[in-house]
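Novice: This is the structure I have questions about; it appears just below.
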Amino acid sequence: MNPYVLATLLSSLGLGTTLTFASSHWLLAWMGLEINTLAITPLMAQHHHPRAVEATTKYFLTQATAAAMILFASTTNAWMTGEWSINDLSNPIASTMFMAALALKIGLAPMHFWMPEVLQGLDLLTGLILSTWQKLAPFALIIQTAQTIDPLLLTLLGISSTLVGGWGGLNQTQLRKILAYSSIAHMGWMIIVIQYAPQLTLIALGTYIIMTSAAFLTLKMSLTTKINTLATTWSKSPILTSTTALVLLSLGGLPPLTGFMPKWLILQELTKQDLPIIATAMALTALISLYFYLRLCYAMTLTISPNMINSTTPWRTQTTQTSLPLALFTTAALGLLPMAPAILMLTT
Amino acid sequence: MLKVLIPTIMLFPTIWLTSPKWLWTTTTAHSLLIASISLTWLKWTSETGWTSSNMYLATDPLSTPLLVLTCWLLPLMILASQNHINPEPISRQRLYITLLASLQTFLIMAFGATEIIMFYIMFEATLIPTLIIITRWGNQTERLNAGTYFLFYTLAGSLPLLVALLLLQQSTGTLSMLVLQYSQPLQLNSWGHMFWWAGCLIAFLVKMPLYGVHLWLPKAHVEAPVAGSMVLAAVLLKLGGYGMMRMMVMLDPLSKELAYPFIILALWGIIMTGSICLRQTDLKSLIAYSSVSHMGLVAGGILIQTPWGFSGAIILMIAHGLVSSALFCLANTAYERTHSRTMILARGLQVIFPLTAVWWFIANLANLALPPLPNLMGELMIITTLFNWSPWTILLTGLGTLITAGYSLYMFLMSQRGPTPNHIMGLQPFHTREHLLMTLHLIPVILLVTKPELMWGWCY
C-alpha cells in the first residue's frame with residue numbers, strides 16, 4: 001500500500017481510539033468509534049481478494065449497525081434525562097441498548113457471529129489490529145458505563161461468550177478462526193468482572209493483547225494460517241515452536257504462565273462477591289478452550305520430526321521480518337505472573 | 001531452603017553451558033549434590049515443627065520426607081534417561097534435562113510452600129513439563145491421548161479447588177498453612193459447604209488417583225519415557241496425598257460423614273486395580289495399576305484422619321515412591337533391550353541377567369509389602385486404623401493385600417523364572433549405570449527400616 005495512505009490510515013486509527021478515550025460526550029465517543037471503523041476498512045480490503053472484500057463488508061455492516069445503535073441509545077438517554085455525558089447513562093432502556101451495541105462491536109456472544117469469518121478474511125497484521133487495537137475504544141466506554149448496566153445482562157454475556165468461544169473453536173482448522181473464538185472467550189472473561197472490579201478487566205485486556213500479539217506475530221513470522229502448515233514451523237525456526245507452544249498454553253490459562261493471572265484474579269473477585277458457582281462455571285469453560293490450544297501445541301511442537309506432515313514442505317529462506325516485537329510479546333506472555341502485585345498496583 | 005533452591009536454579013545454566021561430552025556426568029553429579037544437601041532438612045529443630053527460611057517457604061515433618069524424595073529422584077531420573085536420550089541432537093538432550101530440572105524446581109517450591117495458593121500454582125505448574133515429557137518423548141502414538149487425559153483430568157479437578165481456596169481465603173482471611181492450623185474450626189453445615197468440601201479434595205483425589213477418576217494414570221505412566229514414569233509414580237502422585245493431608249486440617253467436622261463414599265471407593269479400588277494387574281500383559285501397565293492400588297490405600301488412610309492413618313499414609317507414600325520408581329526402571333531396562341513392553345517377550349530373564357534378578361526380587365518383595373520393609377509398615381498402620389474405624393474393612397484390605405502379593409509374584413515369576421525364549425539370548429548385558437540406578441533406589445528403602453522416624457510425619 002502507498003506509504004502515505006498507510007500512514008494516514010494508521011494515524012486515523014490512533015486518532016479514533018484517542019478521541020473515544022478522551023471524550024465525555026456521547027457524540028464525540030461515537031465519532032471516535034466511527035473513525036476507527038472507517039480507517040480500518042481500507043486496511044482490511046487492501047488485498048483485493050474476494051474473501052477480504054467480503055470480510056470488510058461484513059465488518060463494516062456490523063460496526064455501522066453497532067455505532068448507529070450507540071447513537072440511538074445516547075439520544076434516547078439525552079431525550080429522557082437531558083444528559084449527554086458518558087457517565088450518566090441512567091435510563092435503563094438506553095443502557096441496555098448501549099450494552100448490546102457494544103457487545104456487537106467487540107464480538108461478545110450472542111453477537112459474535114461476524115468475528116470468525118471477518119478475521120479469516122484478513123491478513124495476519126490487520127487481524128492483529130482488529131483483535132487488539134479495535135477492542136480498546138469500546139472497552140473504554142464499557143468501563144465508564146458498567147455501573148449502570150443490568151448485572152444480569154453482563155453476566156449472561158460473559159458466560160455465553162466463554163462457552164461459545166470454547167465450543168466454537170473446537171472444530172476449526174484455520175488458525176485465524178481459532179484466534180477469533182479465543183478472542184470471544186477472552187472478551188467473556190473481561191465482561192464478567194467489569195461490574196465488580198474494572199481494573200481486572202483492564203488487566204485481562206492487557207494480558208490478552210500481549211498473548212494474542214505474540215500468537216499473531218508468530219503466525220506471521222512462520223507464514224502459517226492453518227494447522228497443517230503449522231506442523232512445518234519446526235523447520236523454519238525451532239525455538240519459535242517451543243516458545244509458541246508455551247504462549248498457546250498461556251492463552252489457555254495454565255499456571256505459571258501469564259495467562260493464569262487474569263483468570264486467577266477474576267475468580268478471586270467473583271468469589272469475593274459471593275458468586276462461586278459462576279466462578280466455577282467460568283473456570284470449567286476455560287477447559288474447553290484449552291483443548292484446542294493443546295491441539296495446536298501437539299500439531300506444532302510436541303510431535304516434531306520425524307512425523308507425517310500433511311502438506312508440502314515450504315522453501316526455507318532467511319526471514320526478513322523484524323523479530324523484536326515478537327520476542328518482547330512472547331517474553332511478556334510467559335513471564336509476567338510473578339509481577340501480578342505490581343500490575344495490580346498499576347491499574348488500581 | 002536456599003541451600004537447595006539456588007543450586008537447583010543454577011542447574012539450568014549448568015545444563016545449557018556444559019560441553020556435550022560432560023553433560024550427563026555434570027548434571028548427574030550436580031543433582032546428587034543437591035540431593036545430599038536436601039538430607040539436612042531431615043533434622044527438625046523447631047518446637048512448632050515448621051522450619052522456615054521466610055514466611056512463604058518452610059518445611060515441616062510432613063513435607064520433608066517428600067522433599068528429600070523429590071531431590072533424591074532427580075539424579076536417578078537423569079541416570080535412567082541417559083541411554084535413550086543420548087542419540088538425540090545435543091540441544092534436545094539439554095531440553096529434556098531442563099524439563100526434568102524445572103519439574104524439580106516446581107516440586108520443591110510446591111512441597112515447601114506455606115501459602116496454599118503458592119502450593120496450588122506450583123501443583124499446576126508441574127503439569128506443563130510433565131505434559132511435554134509425555135507427549136514429546138513418549139514412544140507410541142497413544143501418547144497424545146495420554147497427555148490430553150492427564151492434563152484434563154487434573155485440571156477438571158483443580159479448577160474447583162482454586163475456587164474453593166479463594167472461598168476459604170474469603171472466609172478466614174488467610175491461606176497460610178502456618179496460620180490456618182491454629183484457626184477456629186469453620187462452621188460447615190449447609191449444602192454449599194458440602195460442595196466446598198468436595199471442591200477442596202477432588203483435585204487431590206484425581207491426582208492420587210482415587211479409583212473412579214484414575215483413568216489418566218495407566219495412560220500417562222505407560223506412554224511416558226522412563227524419567228516421566230519415574231517422576232509421575234514417585235512424586236507427582238504424592239502431591240495429591242500431601243495436598244489432601246494439608247487440607248484435611250481445615251475440613252472437619254464435615255469429613256466424618258462425607259469421607260465415607262471416598263474411603264469405600266478407595267478400598268474397592270485396591271481390589272479392582274489389583275485384579276486388573278493379575279490379567280495384564282503390558283509390564284508398565286501392570287506397575288501403573290499397582291500404583292493406583294497402593295495409592296488407594298494411602299487415600300483411605302488420609303481420609304480416616306487418625307494419627308496412625310496419616311503416619312501410615314506418608315510412610316507408604318515414601319516407600320511406594322521409591323519402589324514404584326525402581327520397578328519402572330527395571331521395566332525400562334527390559335524395554336530398552338527388547339523394545340516391547342509385553343511381558344511374554346521378556347521372560348525367563350534370570351538365566352541371562354542374574355544380578356538384575358536380585359533387583360527384580362527385592363523390588364517385587366517390597367511391592368508386596370514384605371516385613372520389615374517400610375511398605376509393610378505403612379500398609380499395616382493404614383489397615384489397622386481402617387479396622388478401628390470399621391471392622392468390615394479388613395475384608396477389603398486383607399483381600400487387597402492378598403491380590404497385591406499375587407500380582408507382585410506374578411510379575412516376578414513372569415519376568416524372571418521359567419524357560420528363557422530363544423529370541424532374547426543375545427541381549428545386551430546390564431550396564432553399571434543401571435545397577436547403580438537400582439542400588440540407589442533400593443538401598444534407601446532398606447535403610448529406612450532402621451530409622452523410620454524420618455518418615456512418620458507429624459506423629460513422631
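Chain labels A, B, ... are given in the sequence in which chains occur in the C-alpha cells; within each chain residues are numbered consecutively from 1, and ligands are likewise numbered from 1 in the order shown.
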List the spatial neighbours of Leu275 (chain A) as a list in words - criterion: any atom at most 12 Å away, only C-alpha atoms, same-chain residues fewer than 5 positions off excluded.

Specialist: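 Near neighbours after the sequence-gap exclusion: Thr155, Ile192, Val193, Tyr196, Ile266, Leu267, Gln268, Glu269, Leu270, Thr280, Ala281 and Met282 of chain A; Val163, Ala164, Leu166, Leu167, Gln170 and Gly192 of chain B.
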
Novice: Compile the residues of chain B that lie within 6 Å of chain A, evaluated using only C-alpha atoms, and express the compilation as a compact mmCIF listing (two decimals) with N, CA, C and O atoms, in the first residue's frame.

Specialist:
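Writing the result to iface.txt gives the following:
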```
# COMPACT_ATOMS: atom_id res chain seq x y z
N ILE B 121 -0.37 -23.12 42.68
CA ILE B 121 0.25 -22.69 41.42
C ILE B 121 1.38 -23.65 41.05
O ILE B 121 1.53 -24.04 39.89
N GLU B 124 -0.04 -26.94 39.78
CA GLU B 124 -0.43 -26.84 38.37
C GLU B 124 0.79 -26.68 37.47
O GLU B 124 0.79 -27.14 36.34
N ALA B 125 1.80 -26.00 37.98
CA ALA B 125 2.96 -25.75 37.13
C ALA B 125 3.67 -27.04 36.78
O ALA B 125 4.29 -27.13 35.72
N THR B 135 4.29 -36.21 25.98
CA THR B 135 3.84 -36.17 24.59
C THR B 135 5.00 -36.02 23.62
O THR B 135 4.91 -36.48 22.49
N ARG B 136 6.09 -35.38 24.02
CA ARG B 136 7.17 -35.19 23.05
C ARG B 136 8.09 -36.38 23.02
O ARG B 136 8.56 -36.77 21.96
N PRO B 160 -12.04 -26.35 40.32
CA PRO B 160 -12.87 -26.16 41.51
C PRO B 160 -12.05 -25.96 42.78
O PRO B 160 -12.48 -25.24 43.69
N LEU B 166 -10.12 -19.86 47.08
CA LEU B 166 -10.45 -18.44 47.15
C LEU B 166 -11.60 -18.21 48.13
O LEU B 166 -11.63 -17.22 48.86
N LEU B 167 -12.55 -19.17 48.19
CA LEU B 167 -13.63 -19.05 49.17
C LEU B 167 -13.08 -19.16 50.59
O LEU B 167 -13.51 -18.44 51.49
```

Novice: Residues of region 251-419 of chain B classed as alpha helix (DSSP H) by DSSP on the backbone are to be reported as a PyMOL selection string.

Specialist: chain B and resi 251+255-278+283-304+307-338+354-367+374-389+393-416

Novice: So that I can see what lies close to Ile202 (chain B), please list as a VMD selection string the residues with an atom at most 8 Å from it, counting only C-alpha atoms and leaving out residues fewer than 4 positions away in the same chain.

Specialist: chain B and resid 157 to 158 161 198 206

Novice: How would the residues just picked look written out with N, CA, C and O atoms as a PDB file, in the first residue's frame?

Specialist:
```pdb
ATOM      1  N   GLY B 157     -10.244 -31.318  38.013  1.00  0.00           N
ATOM      2  CA  GLY B 157     -10.321 -31.367  39.464  1.00  0.00           C
ATOM      3  C   GLY B 157      -9.787 -30.122  40.124  1.00  0.00           C
ATOM      4  O   GLY B 157     -10.300 -29.673  41.148  1.00  0.00           O
ATOM      5  N   SER B 158      -8.749 -29.511  39.521  1.00  0.00           N
ATOM      6  CA  SER B 158      -8.081 -28.452  40.261  1.00  0.00           C
ATOM      7  C   SER B 158      -8.697 -27.086  40.060  1.00  0.00           C
ATOM      8  O   SER B 158      -8.461 -26.189  40.857  1.00  0.00           O
ATOM      9  N   LEU B 161     -10.847 -26.585  42.833  1.00  0.00           N
ATOM     10  CA  LEU B 161     -10.001 -26.367  44.009  1.00  0.00           C
ATOM     11  C   LEU B 161      -9.612 -24.906  44.120  1.00  0.00           C
ATOM     12  O   LEU B 161      -9.578 -24.347  45.221  1.00  0.00           O
ATOM     13  N   ALA B 198     -16.075 -30.895  48.915  1.00  0.00           N
ATOM     14  CA  ALA B 198     -15.713 -31.718  47.760  1.00  0.00           C
ATOM     15  C   ALA B 198     -14.729 -30.986  46.864  1.00  0.00           C
ATOM     16  O   ALA B 198     -13.758 -31.570  46.385  1.00  0.00           O
ATOM     17  N   VAL B 206      -8.143 -36.835  42.390  1.00  0.00           N
ATOM     18  CA  VAL B 206      -7.857 -37.163  40.995  1.00  0.00           C
ATOM     19  C   VAL B 206      -6.366 -37.399  40.828  1.00  0.00           C
ATOM     20  O   VAL B 206      -5.941 -38.255  40.069  1.00  0.00           O
TER      21      VAL B 206
END
```

Novice: Do you know which residues are at most 12 Å from Trp133 (chain A) counting only C-alpha atoms, after dropping those on the same chain fewer than 3 positions away, and could you put them as a count of residues only?

Specialist: 30

Novice: Would you list the contacts of Gln350 (chain B) as a ChimeraX atom specification, taking every protein, DNA or RNA residue within 10 Å and counting only C-alpha atoms, but skipping same-chain residues closer than 5 positions in sequence?

Specialist: /B:355-358,360,412-413,415-420

Novice: Choose the residue, out of A:Ser183, A:Gln63, A:Thr330, A:Thr348, that has the smallest atom-to-atom separation from Ile35 (chain A); count only C-alpha atoms.

Specialist: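 Among the listed residues, A:Gln63 lies closest to Ile35 (chain A).
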
Novice: With a distance cut-off of 9 Å and only C-alpha atoms, select the neighbouring residues of region 263-279 of chain B, excluding the residue or stretch itself and same-chain residues fewer than 5 positions from it, and output the selection as number ranges by chain.

Specialist: B: 209-212, 285-301, 303-304, 393, 396-397, 399-401, 403-404, 406-408, 410-411

Novice: May I have the residues from that selection written out with C-alpha atoms, as a tab-separated table (two decimals), in the first residue's frame?

Specialist:
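And here's part-v4.tsv as it stands now:
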```tsv
chain	number	residue	atom	x	y	z
B	209	PRO	CA	-5.60	-41.18	41.99
B	210	LEU	CA	-8.81	-42.37	43.50
B	211	TYR	CA	-10.28	-45.41	41.78
B	212	GLY	CA	-13.15	-43.78	39.88
B	285	SER	CA	0.62	-51.04	32.69
B	286	LEU	CA	0.87	-53.58	35.49
B	287	ILE	CA	3.14	-51.33	37.51
B	288	ALA	CA	0.84	-48.37	36.81
B	289	TYR	CA	-2.24	-50.18	38.09
B	290	SER	CA	-0.23	-51.34	41.09
B	291	SER	CA	0.45	-47.66	41.79
B	292	VAL	CA	-3.31	-46.96	41.73
B	293	SER	CA	-3.80	-49.82	44.16
B	294	HIS	CA	-1.24	-48.60	46.67
B	295	MET	CA	-2.40	-45.02	46.43
B	296	GLY	CA	-5.94	-46.19	47.09
B	297	LEU	CA	-4.72	-47.46	50.41
B	298	VAL	CA	-2.99	-44.12	51.03
B	299	ALA	CA	-6.18	-42.25	50.20
B	300	GLY	CA	-8.09	-44.42	52.65
B	301	GLY	CA	-5.51	-43.74	55.33
B	303	LEU	CA	-9.44	-39.76	54.73
B	304	ILE	CA	-9.65	-41.61	58.06
B	393	THR	CA	-12.80	-53.06	56.03
B	396	LEU	CA	-11.35	-55.41	51.58
B	397	THR	CA	-7.86	-54.58	52.77
B	399	LEU	CA	-8.14	-59.30	50.12
B	400	GLY	CA	-6.24	-56.37	48.66
B	401	THR	CA	-3.04	-57.43	50.36
B	403	ILE	CA	-4.07	-59.74	45.48
B	404	THR	CA	-1.05	-57.42	45.76
B	406	GLY	CA	-0.45	-62.28	43.88
B	407	TYR	CA	0.37	-59.84	41.14
B	408	SER	CA	3.80	-58.96	42.52
B	410	TYR	CA	3.17	-62.90	39.01
B	411	MET	CA	5.34	-60.04	37.80
```

Novice: My list of candidates is B:Thr48, B:Lys451, B:Leu436, B:Ile318. Which is closest to Pro372 (chain B) when distances are computed with only C-alpha atoms?

Specialist: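 Among the listed residues, B:Lys451 lies closest to Pro372 (chain B).
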